[in-house]
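S.K.: Quick one, start31.cif (mmCIF, C-alpha atoms):
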data_run
loop_
_atom_site.label_atom_id
_atom_site.label_comp_id
_atom_site.auth_asym_id
_atom_site.auth_seq_id
_atom_site.Cartn_x
_atom_site.Cartn_y
_atom_site.Cartn_z
CA MET A 1 37.59 174.42 163.27
CA THR A 2 38.60 174.90 166.88
CA ASP A 3 35.20 173.81 168.13
CA ARG A 4 35.44 170.39 166.56
CA PRO A 5 35.79 167.50 168.97
CA VAL A 6 39.30 166.09 169.14
CA ILE A 7 40.66 162.57 169.12
CA GLU A 8 44.30 161.82 169.89
CA PHE A 9 45.75 159.07 167.72
CA TRP A 10 48.74 157.50 169.51
CA TYR A 11 50.80 155.30 167.24
CA GLU A 12 54.15 153.53 167.08
CA PHE A 13 55.67 153.04 163.63
CA ALA A 14 56.53 149.41 164.43
CA SER A 15 52.96 148.59 165.40
CA THR A 16 51.19 146.47 162.83
CA TYR A 17 47.62 147.43 163.73
CA SER A 18 48.61 151.10 163.66
CA TYR A 19 49.02 150.70 159.89
CA PRO A 20 45.33 150.36 158.95
CA ALA A 21 44.50 152.98 161.60
CA ALA A 22 46.92 155.52 160.13
CA MET A 23 45.67 154.92 156.60
CA THR A 24 41.97 155.30 157.43
CA ILE A 25 41.55 157.59 160.44
CA ALA A 26 41.64 160.94 158.62
CA ARG A 27 38.70 160.14 156.36
CA ARG A 28 36.61 158.52 159.08
CA ALA A 29 37.24 161.41 161.47
CA GLU A 30 36.32 163.90 158.76
CA ASP A 31 33.04 162.06 158.15
CA ARG A 32 32.16 162.58 161.81
CA GLY A 33 33.43 166.15 162.11
CA VAL A 34 36.24 165.08 164.45
CA ARG A 35 39.74 166.57 164.43
CA VAL A 36 42.70 164.17 164.76
CA THR A 37 45.81 164.97 166.79
CA TRP A 38 48.63 162.73 165.59
CA ARG A 39 50.73 161.47 168.52
CA PRO A 40 53.74 159.40 167.46
CA PHE A 41 55.48 157.66 170.37
CA LEU A 42 57.59 154.60 171.16
CA LEU A 43 56.30 151.37 172.63
CA GLY A 44 59.74 149.93 173.40
CA PRO A 45 60.15 151.70 176.77
CA ILE A 46 56.55 150.81 177.68
CA PHE A 47 56.97 147.13 176.85
CA ALA A 48 60.28 147.16 178.75
CA ALA A 49 58.42 148.46 181.82
CA GLN A 50 56.23 145.32 181.54
CA GLY A 51 59.31 143.12 181.38
CA TRP A 52 59.15 142.46 177.64
CA LYS A 53 62.27 142.76 175.53
CA ASP A 54 60.57 142.05 172.22
CA SER A 55 57.17 142.46 170.61
CA PRO A 56 54.53 140.29 172.31
CA PHE A 57 53.82 138.98 168.80
CA ASN A 58 57.32 137.51 168.76
CA LEU A 59 57.28 136.46 172.41
CA PHE A 60 53.97 134.58 172.07
CA GLU A 61 54.15 132.60 168.87
CA ALA A 62 50.49 131.62 168.46
CA LYS A 63 49.48 135.23 168.99
CA GLY A 64 51.99 136.40 166.40
CA ARG A 65 50.87 133.87 163.81
CA TYR A 66 47.28 134.95 164.33
CA MET A 67 48.14 138.66 164.14
CA TRP A 68 49.74 138.41 160.70
CA ARG A 69 46.77 136.55 159.28
CA ASP A 70 44.32 138.91 160.96
CA LEU A 71 46.19 141.94 159.63
CA GLU A 72 46.14 140.49 156.13
CA ARG A 73 42.35 140.03 156.34
CA LEU A 74 41.84 143.52 157.79
CA CYS A 75 43.90 145.11 155.03
CA ALA A 76 41.90 143.23 152.41
CA ALA A 77 38.66 144.45 154.00
CA GLU A 78 39.98 148.04 154.06
CA ASP A 79 41.34 147.76 150.51
CA LEU A 80 44.90 148.39 151.72
CA SER A 81 47.94 146.74 150.19
CA PHE A 82 49.75 144.40 152.55
CA ARG A 83 53.16 142.81 152.47
CA ARG A 84 54.66 141.33 155.60
CA PRO A 85 58.05 142.93 156.24
CA GLU A 86 60.96 140.56 156.78
CA ILE A 87 62.09 142.56 159.79
CA PHE A 88 59.70 142.81 162.74
CA PRO A 89 59.59 144.80 164.86
CA GLN A 90 61.61 147.56 163.20
CA HIS A 91 63.66 150.34 164.80
CA THR A 92 61.42 153.36 164.63
CA LEU A 93 63.25 156.00 166.66
CA GLN A 94 64.23 158.07 163.61
CA ALA A 95 60.80 157.82 162.02
CA ALA A 96 59.13 158.94 165.25
CA ARG A 97 61.49 161.92 165.61
CA LEU A 98 60.88 162.92 161.99
CA ALA A 99 57.12 162.70 162.47
CA LEU A 100 57.44 165.14 165.38
CA ALA A 101 59.84 167.41 163.45
CA LEU A 102 57.28 167.78 160.65
CA ALA A 103 54.41 168.71 162.96
CA ASP A 104 54.88 172.48 162.67
CA GLN A 105 54.42 172.23 158.91
CA GLY A 106 51.33 170.05 159.27
CA LEU A 107 53.06 167.21 157.44
CA THR A 108 52.95 164.58 160.18
CA PRO A 109 49.90 162.72 158.80
CA GLU A 110 51.26 162.47 155.27
CA PHE A 111 54.74 161.47 156.44
CA THR A 112 53.22 158.86 158.74
CA ARG A 113 51.14 157.30 155.99
CA LYS A 114 54.14 157.11 153.66
CA VAL A 115 56.27 155.38 156.29
CA TYR A 116 53.55 152.84 157.10
CA HIS A 117 53.01 152.21 153.40
CA ALA A 118 56.72 151.54 152.88
CA GLN A 119 56.80 149.13 155.81
CA PHE A 120 53.53 147.22 155.50
CA ALA A 121 52.49 147.63 151.87
CA GLU A 122 56.00 147.27 150.41
CA GLY A 123 57.60 145.25 153.21
CA ARG A 124 60.57 147.62 153.48
CA ASP A 125 62.77 148.47 156.46
CA VAL A 126 61.87 151.95 157.68
CA SER A 127 64.88 152.23 159.96
CA ASP A 128 66.82 152.81 156.73
CA PHE A 129 68.03 156.39 156.55
CA ASP A 130 67.94 156.55 152.75
CA LEU A 131 64.34 155.43 152.73
CA LEU A 132 63.36 158.03 155.31
CA GLY A 133 65.30 160.66 153.36
CA SER A 134 63.43 159.92 150.17
CA VAL A 135 60.07 160.06 151.99
CA ILE A 136 61.03 163.47 153.39
CA ALA A 137 62.24 164.65 149.99
CA ASP A 138 58.74 163.98 148.63
CA LEU A 139 57.25 166.26 151.27
CA VAL A 140 59.49 169.28 151.79
CA ALA A 141 61.71 171.57 149.74
CA ASP A 142 64.66 171.25 152.13
CA PRO A 143 64.90 167.66 153.37
CA GLU A 144 68.29 168.24 155.05
CA LYS A 145 66.77 170.85 157.28
CA ALA A 146 64.00 168.47 158.38
CA MET A 147 66.50 165.70 159.03
CA ALA A 148 68.64 168.06 161.12
CA LYS A 149 65.61 169.21 163.09
CA ALA A 150 64.74 165.58 163.84
CA ARG A 151 68.19 165.22 165.43
CA SER A 152 67.81 168.33 167.57
CA ASP A 153 67.59 168.21 171.34
CA THR A 154 64.15 169.81 171.17
CA ILE A 155 62.70 166.99 169.12
CA LYS A 156 64.53 164.29 171.06
CA GLN A 157 63.06 165.68 174.26
CA ARG A 158 59.62 165.99 172.71
CA LEU A 159 59.63 162.28 171.93
CA ARG A 160 60.79 161.38 175.44
CA ASP A 161 58.00 163.55 176.80
CA ALA A 162 55.47 161.77 174.59
CA VAL A 163 56.56 158.38 175.96
CA ASP A 164 56.37 159.68 179.54
CA GLU A 165 52.92 161.09 178.87
CA ALA A 166 51.77 157.78 177.37
CA LEU A 167 52.98 155.90 180.45
CA ALA A 168 51.39 158.43 182.80
CA ARG A 169 48.06 158.15 181.00
CA GLY A 170 48.09 154.35 181.09
CA ILE A 171 48.73 153.76 177.40
CA PHE A 172 50.14 150.25 176.99
CA GLY A 173 49.84 149.50 173.27
CA ALA A 174 49.16 150.95 169.85
CA PRO A 175 47.15 152.19 168.20
CA THR A 176 45.50 153.93 171.12
CA PHE A 177 42.81 156.56 170.73
CA MET A 178 42.22 159.07 173.51
CA VAL A 179 39.10 161.20 173.79
CA GLY A 180 39.93 163.24 176.87
CA ASP A 181 40.58 160.54 179.46
CA GLU A 182 38.62 157.87 177.61
CA MET A 183 40.99 155.32 176.12
CA PHE A 184 40.32 153.00 173.22
CA TRP A 185 42.96 150.44 172.30
CA GLY A 186 43.31 148.73 168.95
CA PHE A 187 42.24 149.33 165.37
CA ASP A 188 39.06 147.39 166.18
CA ARG A 189 38.04 150.16 168.58
CA MET A 190 38.82 153.10 166.28
CA ASP A 191 35.26 153.58 165.09
CA ALA A 192 33.94 153.38 168.65
CA ALA A 193 36.51 156.01 169.67
CA LEU A 194 35.54 158.30 166.80
CA ASN A 195 31.86 157.90 167.66
CA TRP A 196 32.65 158.70 171.28
CA ALA A 197 34.51 161.84 170.20
CA ALA A 198 31.66 162.87 167.93
CA GLY A 199 29.33 162.66 170.90
CA GLY A 200 27.49 159.47 170.05
CA ARG A 201 29.06 157.72 173.04
CA ASP A 202 28.87 154.46 171.09
CA GLY A 203 31.46 152.63 173.10
CA MET B 1 19.72 122.98 159.14
CA THR B 2 22.77 120.85 158.41
CA ASP B 3 23.65 122.97 155.40
CA ARG B 4 24.03 126.15 157.41
CA PRO B 5 27.56 127.47 157.76
CA VAL B 6 29.08 126.82 161.16
CA ILE B 7 31.04 129.01 163.54
CA GLU B 8 32.79 127.57 166.60
CA PHE B 9 32.57 129.82 169.63
CA TRP B 10 35.46 129.02 172.01
CA TYR B 11 35.00 130.55 175.43
CA GLU B 12 36.41 130.40 178.94
CA PHE B 13 34.02 131.24 181.78
CA ALA B 14 36.62 133.47 183.45
CA SER B 15 37.13 135.53 180.29
CA THR B 16 35.61 138.98 180.54
CA TYR B 17 35.21 139.64 176.82
CA SER B 18 33.57 136.23 176.42
CA TYR B 19 30.64 137.64 178.41
CA PRO B 20 29.27 140.04 175.75
CA ALA B 21 30.08 137.42 173.11
CA ALA B 22 28.10 134.72 174.88
CA MET B 23 25.14 137.03 175.42
CA THR B 24 24.89 138.22 171.82
CA ILE B 25 26.25 135.56 169.47
CA ALA B 26 23.10 133.44 169.11
CA ARG B 27 20.98 136.28 167.78
CA ARG B 28 23.65 137.67 165.49
CA ALA B 29 24.42 134.24 164.09
CA GLU B 30 20.71 133.60 163.52
CA ASP B 31 20.43 136.89 161.61
CA ARG B 32 23.11 135.63 159.21
CA GLY B 33 21.88 132.05 158.94
CA VAL B 34 24.95 130.75 160.77
CA ARG B 35 24.93 127.85 163.23
CA VAL B 36 26.96 128.22 166.45
CA THR B 37 28.91 125.37 168.02
CA TRP B 38 29.56 126.22 171.68
CA ARG B 39 33.07 125.18 172.73
CA PRO B 40 33.81 125.75 176.43
CA PHE B 41 37.47 125.32 177.34
CA LEU B 42 40.05 126.46 179.89
CA LEU B 43 42.61 129.19 179.31
CA GLY B 44 44.65 128.40 182.43
CA PRO B 45 46.74 125.62 180.83
CA ILE B 46 47.23 127.77 177.72
CA PHE B 47 48.41 130.81 179.67
CA ALA B 48 50.67 128.52 181.72
CA ALA B 49 52.26 127.33 178.48
CA GLN B 50 53.11 131.00 177.80
CA GLY B 51 54.66 131.33 181.24
CA TRP B 52 51.75 133.23 182.80
CA LYS B 53 50.46 132.19 186.20
CA ASP B 54 47.64 134.74 186.30
CA SER B 55 45.39 136.62 183.91
CA PRO B 56 47.35 139.06 181.73
CA PHE B 57 44.87 141.66 182.97
CA ASN B 58 46.25 141.16 186.46
CA LEU B 59 49.86 140.78 185.34
CA PHE B 60 49.82 144.00 183.32
CA GLU B 61 48.09 146.62 185.42
CA ALA B 62 47.49 149.32 182.80
CA LYS B 63 45.98 146.72 180.48
CA GLY B 64 43.72 145.46 183.26
CA ARG B 65 42.51 148.92 184.20
CA TYR B 66 41.71 149.62 180.57
CA MET B 67 39.92 146.29 180.10
CA TRP B 68 37.43 146.88 182.92
CA ARG B 69 36.53 150.31 181.60
CA ASP B 70 36.32 149.04 178.04
CA LEU B 71 34.08 146.15 179.11
CA GLU B 72 31.82 148.55 180.97
CA ARG B 73 31.46 150.68 177.82
CA LEU B 74 30.89 147.63 175.62
CA CYS B 75 28.19 146.29 177.91
CA ALA B 76 26.46 149.69 177.90
CA ALA B 77 26.57 149.74 174.09
CA GLU B 78 25.16 146.19 173.95
CA ASP B 79 22.54 146.98 176.61
CA LEU B 80 23.96 144.32 178.94
CA SER B 81 24.08 144.68 182.70
CA PHE B 82 27.58 144.87 184.12
CA ARG B 83 28.98 144.53 187.61
CA ARG B 84 32.65 143.91 188.14
CA PRO B 85 33.12 140.74 190.21
CA GLU B 86 35.32 141.05 193.28
CA ILE B 87 37.14 137.86 192.37
CA PHE B 88 39.02 137.81 189.08
CA PRO B 89 39.85 135.52 187.44
CA GLN B 90 37.50 132.91 188.87
CA HIS B 91 37.92 129.13 189.03
CA THR B 92 35.88 127.83 186.15
CA LEU B 93 36.68 124.13 185.99
CA GLN B 94 33.27 123.05 187.33
CA ALA B 95 31.36 125.46 185.13
CA ALA B 96 33.23 124.26 182.03
CA ARG B 97 32.55 120.60 182.87
CA LEU B 98 28.88 121.34 183.46
CA ALA B 99 28.64 123.18 180.15
CA LEU B 100 29.98 120.06 178.42
CA ALA B 101 27.74 117.74 180.44
CA LEU B 102 24.64 119.62 179.26
CA ALA B 103 25.59 119.50 175.58
CA ASP B 104 23.60 116.33 174.77
CA GLN B 105 20.44 118.04 175.97
CA GLY B 106 21.18 121.18 173.95
CA LEU B 107 21.34 123.24 177.14
CA THR B 108 24.93 124.47 176.86
CA PRO B 109 24.06 127.92 175.46
CA GLU B 110 21.44 128.69 178.10
CA PHE B 111 23.62 127.40 180.94
CA THR B 112 26.53 129.43 179.63
CA ARG B 113 24.53 132.65 179.50
CA LYS B 114 23.25 132.14 183.04
CA VAL B 115 26.76 131.59 184.41
CA TYR B 116 28.13 134.69 182.64
CA HIS B 117 25.17 136.71 183.86
CA ALA B 118 25.80 135.63 187.45
CA GLN B 119 29.48 136.53 187.19
CA PHE B 120 29.50 139.76 185.18
CA ALA B 121 26.00 141.19 185.60
CA GLU B 122 25.63 140.26 189.28
CA GLY B 123 29.32 140.15 190.23
CA ARG B 124 29.02 136.70 191.82
CA ASP B 125 31.56 133.92 192.22
CA VAL B 126 30.73 131.14 189.78
CA SER B 127 33.13 128.68 191.33
CA ASP B 128 30.51 128.38 194.07
CA PHE B 129 28.86 124.97 193.94
CA ASP B 130 25.53 126.17 195.32
CA LEU B 131 25.34 128.85 192.66
CA LEU B 132 26.07 126.34 189.91
CA GLY B 133 23.53 123.96 191.41
CA SER B 134 20.79 126.56 191.35
CA VAL B 135 21.59 127.45 187.73
CA ILE B 136 21.33 123.77 186.81
CA ALA B 137 18.10 123.40 188.78
CA ASP B 138 16.58 126.09 186.58
CA LEU B 139 17.40 124.09 183.49
CA VAL B 140 16.84 120.39 184.14
CA ALA B 141 14.43 118.19 186.06
CA ASP B 142 17.20 116.18 187.72
CA PRO B 143 20.06 118.51 188.67
CA GLU B 144 21.89 115.81 190.68
CA LYS B 145 22.21 113.70 187.57
CA ALA B 146 23.74 116.59 185.61
CA MET B 147 26.16 117.37 188.45
CA ALA B 148 27.20 113.71 188.60
CA LYS B 149 27.72 113.60 184.86
CA ALA B 150 29.96 116.69 185.07
CA ARG B 151 32.17 114.74 187.50
CA SER B 152 32.39 111.69 185.24
CA ASP B 153 35.62 110.59 183.60
CA THR B 154 34.00 111.03 180.20
CA ILE B 155 33.33 114.73 180.75
CA LYS B 156 36.67 115.34 182.48
CA GLN B 157 38.42 113.84 179.47
CA ARG B 158 36.24 115.79 177.05
CA LEU B 159 37.39 119.05 178.65
CA ARG B 160 41.04 117.99 178.56
CA ASP B 161 40.58 117.12 174.89
CA ALA B 162 39.07 120.56 174.24
CA VAL B 163 42.10 122.28 175.78
CA ASP B 164 44.45 120.09 173.75
CA GLU B 165 42.50 120.88 170.59
CA ALA B 166 42.62 124.61 171.35
CA LEU B 167 46.39 124.47 171.80
CA ALA B 168 46.84 122.41 168.65
CA ARG B 169 44.77 124.87 166.62
CA GLY B 170 46.71 127.88 167.92
CA ILE B 171 43.99 129.31 170.15
CA PHE B 172 45.62 131.58 172.72
CA GLY B 173 42.77 133.62 174.20
CA ALA B 174 39.03 133.96 174.48
CA PRO B 175 36.60 134.52 172.99
CA THR B 176 37.92 132.90 169.83
CA PHE B 177 35.76 132.23 166.80
CA MET B 178 36.79 129.54 164.33
CA VAL B 179 35.37 129.24 160.83
CA GLY B 180 37.13 126.15 159.60
CA ASP B 181 40.79 127.11 160.05
CA GLU B 182 40.13 130.86 160.05
CA MET B 183 40.59 132.25 163.54
CA PHE B 184 39.11 135.44 164.92
CA TRP B 185 40.09 136.53 168.42
CA GLY B 186 38.15 138.88 170.63
CA PHE B 187 34.60 140.16 170.95
CA ASP B 188 35.59 142.98 168.57
CA ARG B 189 36.08 140.42 165.80
CA MET B 190 32.86 138.48 166.37
CA ASP B 191 30.89 140.23 163.65
CA ALA B 192 33.76 139.81 161.19
CA ALA B 193 33.87 136.09 162.05
CA LEU B 194 30.12 135.72 161.58
CA ASN B 195 30.30 137.54 158.25
CA TRP B 196 33.15 135.27 157.22
CA ALA B 197 31.08 132.21 158.15
CA ALA B 198 28.07 133.55 156.26
CA GLY B 199 30.25 133.81 153.17
CA GLY B 200 30.69 137.57 153.03
CA ARG B 201 34.40 137.20 153.78
CA ASP B 202 34.33 140.55 155.51
CA GLY B 203 37.46 140.00 157.57
#
Represent the structure of the file as structure tokens.

M.R.:
Amino acid sequence: MTDRPVIEFWYEFASTYSYPAAMTIARRAEDRGVRVTWRPFLLGPIFAAQGWKDSPFNLFEAKGRYMWRDLERLCAAEDLSFRRPEIFPQHTLQAARLALALADQGLTPEFTRKVYHAQFAEGRDVSDFDLLGSVIADLVADPEKAMAKARSDTIKQRLRDAVDEALARGIFGAPTFMVGDEMFWGFDRMDAALNWAAGGRDG
Amino acid sequence: MTDRPVIEFWYEFASTYSYPAAMTIARRAEDRGVRVTWRPFLLGPIFAAQGWKDSPFNLFEAKGRYMWRDLERLCAAEDLSFRRPEIFPQHTLQAARLALALADQGLTPEFTRKVYHAQFAEGRDVSDFDLLGSVIADLVADPEKAMAKARSDTIKQRLRDAVDEALARGIFGAPTFMVGDEMFWGFDRMDAALNWAAGGRDG
């Protein structure tokens, strides 16, 4: 296990193209013998550093219109349900902290997929605490404990550190795939990143 | 011939990802029985409408750094030479007008490939009139005539019309592939666009 090549999957819960990535990366990595490290982070502070106060898909209307149609096509091609959420982008601070809080139990991938499904397959608002609570309740015996851990200073700091690390490594969007220092940005580049990790160097 | 499905290939000579697209689209379209309509245009007026006075790859440094590395990898994977030009983005008004001026003779694709090769395989400045002149001289018996046509009001207006059409159809970057009203943006989506045109609907 430890000798398997590693790919880091950096994702932001509000990121639309992170949805198909999160739903498909585990299987495609497994097919290539690659291990996935799940790296939830926040894009808000990174966009703010570029002078943006909103998603570029809202700031640039033509780009946003295209993105929703493109995402719909991609989901159809990947056989993923898709429903455009009314709220975009959504507040994802709690979801990101919970994803980190569940890491020790190895539940980050499953939690992540459930949150993306709620947001982009069911069109729901994943900033909602009840929704997050019910997702957690599906995964662990003691949901209150997980929720409390997500509010701890340790986890809060871990998320801040993840954002700082993303900035330091030049990550500017999501999903981003890192293979060592090699960066691949966008769902469209996921297969190339996995091939790179597997040693095929098919950039 | 006229019954073949059509894909419109919208490109800007200064666009880095348009380079691998321009070099590979003809063959990949041929493989799928798809006819390519070459649509040179200018991104400058479109970026200006979004409030940008430079390439987003220069405005957003991390994105720019990533793009050059990504392009280098893509070119290696496509077996295309790559040399980063010192000047970026380049002034491409003359090249775009020449591409339109050569359309009647069916020479737009070959001219386009030569200009991209000069810029991104040799790292040269394609705003240079002598360079453009020598490219034209390789293609036609009377280069002066082609250069004069590129300066005509008809061609100038044709380019302005292309930019207006791009804006009206929601095109916001390059390369963009249009299959009827279906838009695909980026070299990464070229194969999906060609499959869509061919009828596979593999978005």

S.K.: I'd like the neighbourhood of A:Phe129 as a list in words, where a residue qualifies if any of its atoms comes within 10 Å (using only C-alpha atoms), though same-chain residues fewer than 6 positions away should be ignored.

M.R.: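 The residues that qualify are Gln94, Ala95, Val135 and Met147 of chain A.
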
S.K.: For chain B, which residue among A:Asp191, A:Glu110, A:Asp138, A:Asp153 is the nearest when counting all atoms listed in the file?

M.R.: A:Asp191

S.K.: Would you translate the PyMOL selection byres ((chain B) within 10 of (chain A)) into the concrete set of residues it matches in this file, as a PyMOL selection string?

M.R.: chain B and resi 49-51+59-63+65-67+69-78+167-173+182-189+192+201-203

S.K.: Residues picked by the PyMOL selection byres ((chain B and resi 45) around 12) here, as a VMD selection string?

M.R.: chain B and resid 12 41 to 44 46 to 55 93 159 to 160 162 to 164 166 to 167 171 to 173

S.K.: Write out, as a PDB file, keeping the file's coordinate frame, the residues just selected, with C-alpha atoms.

M.R.:
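What landed in out00.pdb:
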ATOM      1  CA  GLU B  12      36.410 130.400 178.940  1.00  0.00           C
ATOM      2  CA  PHE B  41      37.470 125.320 177.340  1.00  0.00           C
ATOM      3  CA  LEU B  42      40.050 126.460 179.890  1.00  0.00           C
ATOM      4  CA  LEU B  43      42.610 129.190 179.310  1.00  0.00           C
ATOM      5  CA  GLY B  44      44.650 128.400 182.430  1.00  0.00           C
ATOM      6  CA  ILE B  46      47.230 127.770 177.720  1.00  0.00           C
ATOM      7  CA  PHE B  47      48.410 130.810 179.670  1.00  0.00           C
ATOM      8  CA  ALA B  48      50.670 128.520 181.720  1.00  0.00           C
ATOM      9  CA  ALA B  49      52.260 127.330 178.480  1.00  0.00           C
ATOM     10  CA  GLN B  50      53.110 131.000 177.800  1.00  0.00           C
ATOM     11  CA  GLY B  51      54.660 131.330 181.240  1.00  0.00           C
ATOM     12  CA  TRP B  52      51.750 133.230 182.800  1.00  0.00           C
ATOM     13  CA  LYS B  53      50.460 132.190 186.200  1.00  0.00           C
ATOM     14  CA  ASP B  54      47.640 134.740 186.300  1.00  0.00           C
ATOM     15  CA  SER B  55      45.390 136.620 183.910  1.00  0.00           C
ATOM     16  CA  LEU B  93      36.680 124.130 185.990  1.00  0.00           C
ATOM     17  CA  LEU B 159      37.390 119.050 178.650  1.00  0.00           C
ATOM     18  CA  ARG B 160      41.040 117.990 178.560  1.00  0.00           C
ATOM     19  CA  ALA B 162      39.070 120.560 174.240  1.00  0.00           C
ATOM     20  CA  VAL B 163      42.100 122.280 175.780  1.00  0.00           C
ATOM     21  CA  ASP B 164      44.450 120.090 173.750  1.00  0.00           C
ATOM     22  CA  ALA B 166      42.620 124.610 171.350  1.00  0.00           C
ATOM     23  CA  LEU B 167      46.390 124.470 171.800  1.00  0.00           C
ATOM     24  CA  ILE B 171      43.990 129.310 170.150  1.00  0.00           C
ATOM     25  CA  PHE B 172      45.620 131.580 172.720  1.00  0.00           C
ATOM     26  CA  GLY B 173      42.770 133.620 174.200  1.00  0.00           C
TER      27      GLY B 173
END

S.K.: Written as a list in words, which residues does the PyMOL selection byres ((chain B and resi 132-134) around 10) give for the file shown?

M.R.: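 Selected by the PyMOL selection byres ((chain B and resi 132-134) around 10) in this file: Gln94, Ala95, Leu98, Phe111, Lys114, Val115, Ala118, Asp125, Val126, Ser127, Asp128, Phe129, Asp130, Leu131, Val135, Ile136, Ala137, Asp138, Leu139, Pro143, Glu144, Ala146 and Met147 of chain B.
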
S.K.: Which residues are near stretch 34-39 of chain A? Cut-off 8 Å, only C-alpha atoms, ignore same chain within fewer than 5 positions. Put them as a VMD selection string.

M.R.: chain A and resid 4 to 11 25 to 26 29 108 to 109 162 194 197 to 198

S.K.: Tell me, as a VMD selection string, which residues lie within 9 Å of stretch 120-122 of chain B, counting only C-alpha atoms; anything in the same chain fewer than 3 positions away does not count.

M.R.: chain B and resid 16 19 80 to 85 115 to 117

S.K.: If you keep C-alpha atoms, can you produce a file of those selected residues as a PDB file, in the frame of the given file?

M.R.:
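File produced: out34.pdb:
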ATOM      1  CA  THR B  16      35.610 138.980 180.540  1.00  0.00           C
ATOM      2  CA  TYR B  19      30.640 137.640 178.410  1.00  0.00           C
ATOM      3  CA  LEU B  80      23.960 144.320 178.940  1.00  0.00           C
ATOM      4  CA  SER B  81      24.080 144.680 182.700  1.00  0.00           C
ATOM      5  CA  PHE B  82      27.580 144.870 184.120  1.00  0.00           C
ATOM      6  CA  ARG B  83      28.980 144.530 187.610  1.00  0.00           C
ATOM      7  CA  ARG B  84      32.650 143.910 188.140  1.00  0.00           C
ATOM      8  CA  PRO B  85      33.120 140.740 190.210  1.00  0.00           C
ATOM      9  CA  VAL B 115      26.760 131.590 184.410  1.00  0.00           C
ATOM     10  CA  TYR B 116      28.130 134.690 182.640  1.00  0.00           C
ATOM     11  CA  HIS B 117      25.170 136.710 183.860  1.00  0.00           C
TER      12      HIS B 117
END

S.K.: Calculated over all atoms listed in the file, which of the candidates B:Ala174, B:Phe57, B:Val140, B:Arg124 has the smallest distance to B:Phe13?

M.R.: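 So, comparing all the options, the nearest one is B:Ala174.
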
S.K.: Pick the closest to B:Asn195 from B:Asp31, B:Asp3, B:Ala21, B:Lys149: which is it, counting all atoms listed in the file?

M.R.: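 Residue with the minimum atom-to-atom distance to B:Asn195: B:Asp31.
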
S.K.: For the atom pair atom CA of A:Pro56 and atom CA of B:Ala96, what is the interatomic distance in Å to one decimal place?

M.R.: 28.4 Å

S.K.: As an exercise, work out the distance from atom CA of A:Pro40 to atom CA of A:Thr112 in Å and give it to one decimal place.

M.R.: 8.8 Å

S.K.: What gap, in Å, lies between atom CA of B:Gln157 and atom CA of B:Leu100?

M.R.: 10.5 Å

S.K.: Select, from A:Met178, A:Met190, A:Ala101, A:Ala22, the residue with the minimum atom-to-atom distance to A:Thr154, counting only C-alpha atoms.

M.R.: A:Ala101

S.K.: Can you pull out every residue within 7 Å of B:Ala14, counting all atoms listed in the file, but drop anything in the same chain fewer than 5 positions away, and send it as a list in words?

M.R.: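 The residues satisfying every condition are Pro89, Gln90 and Thr92 of chain B.
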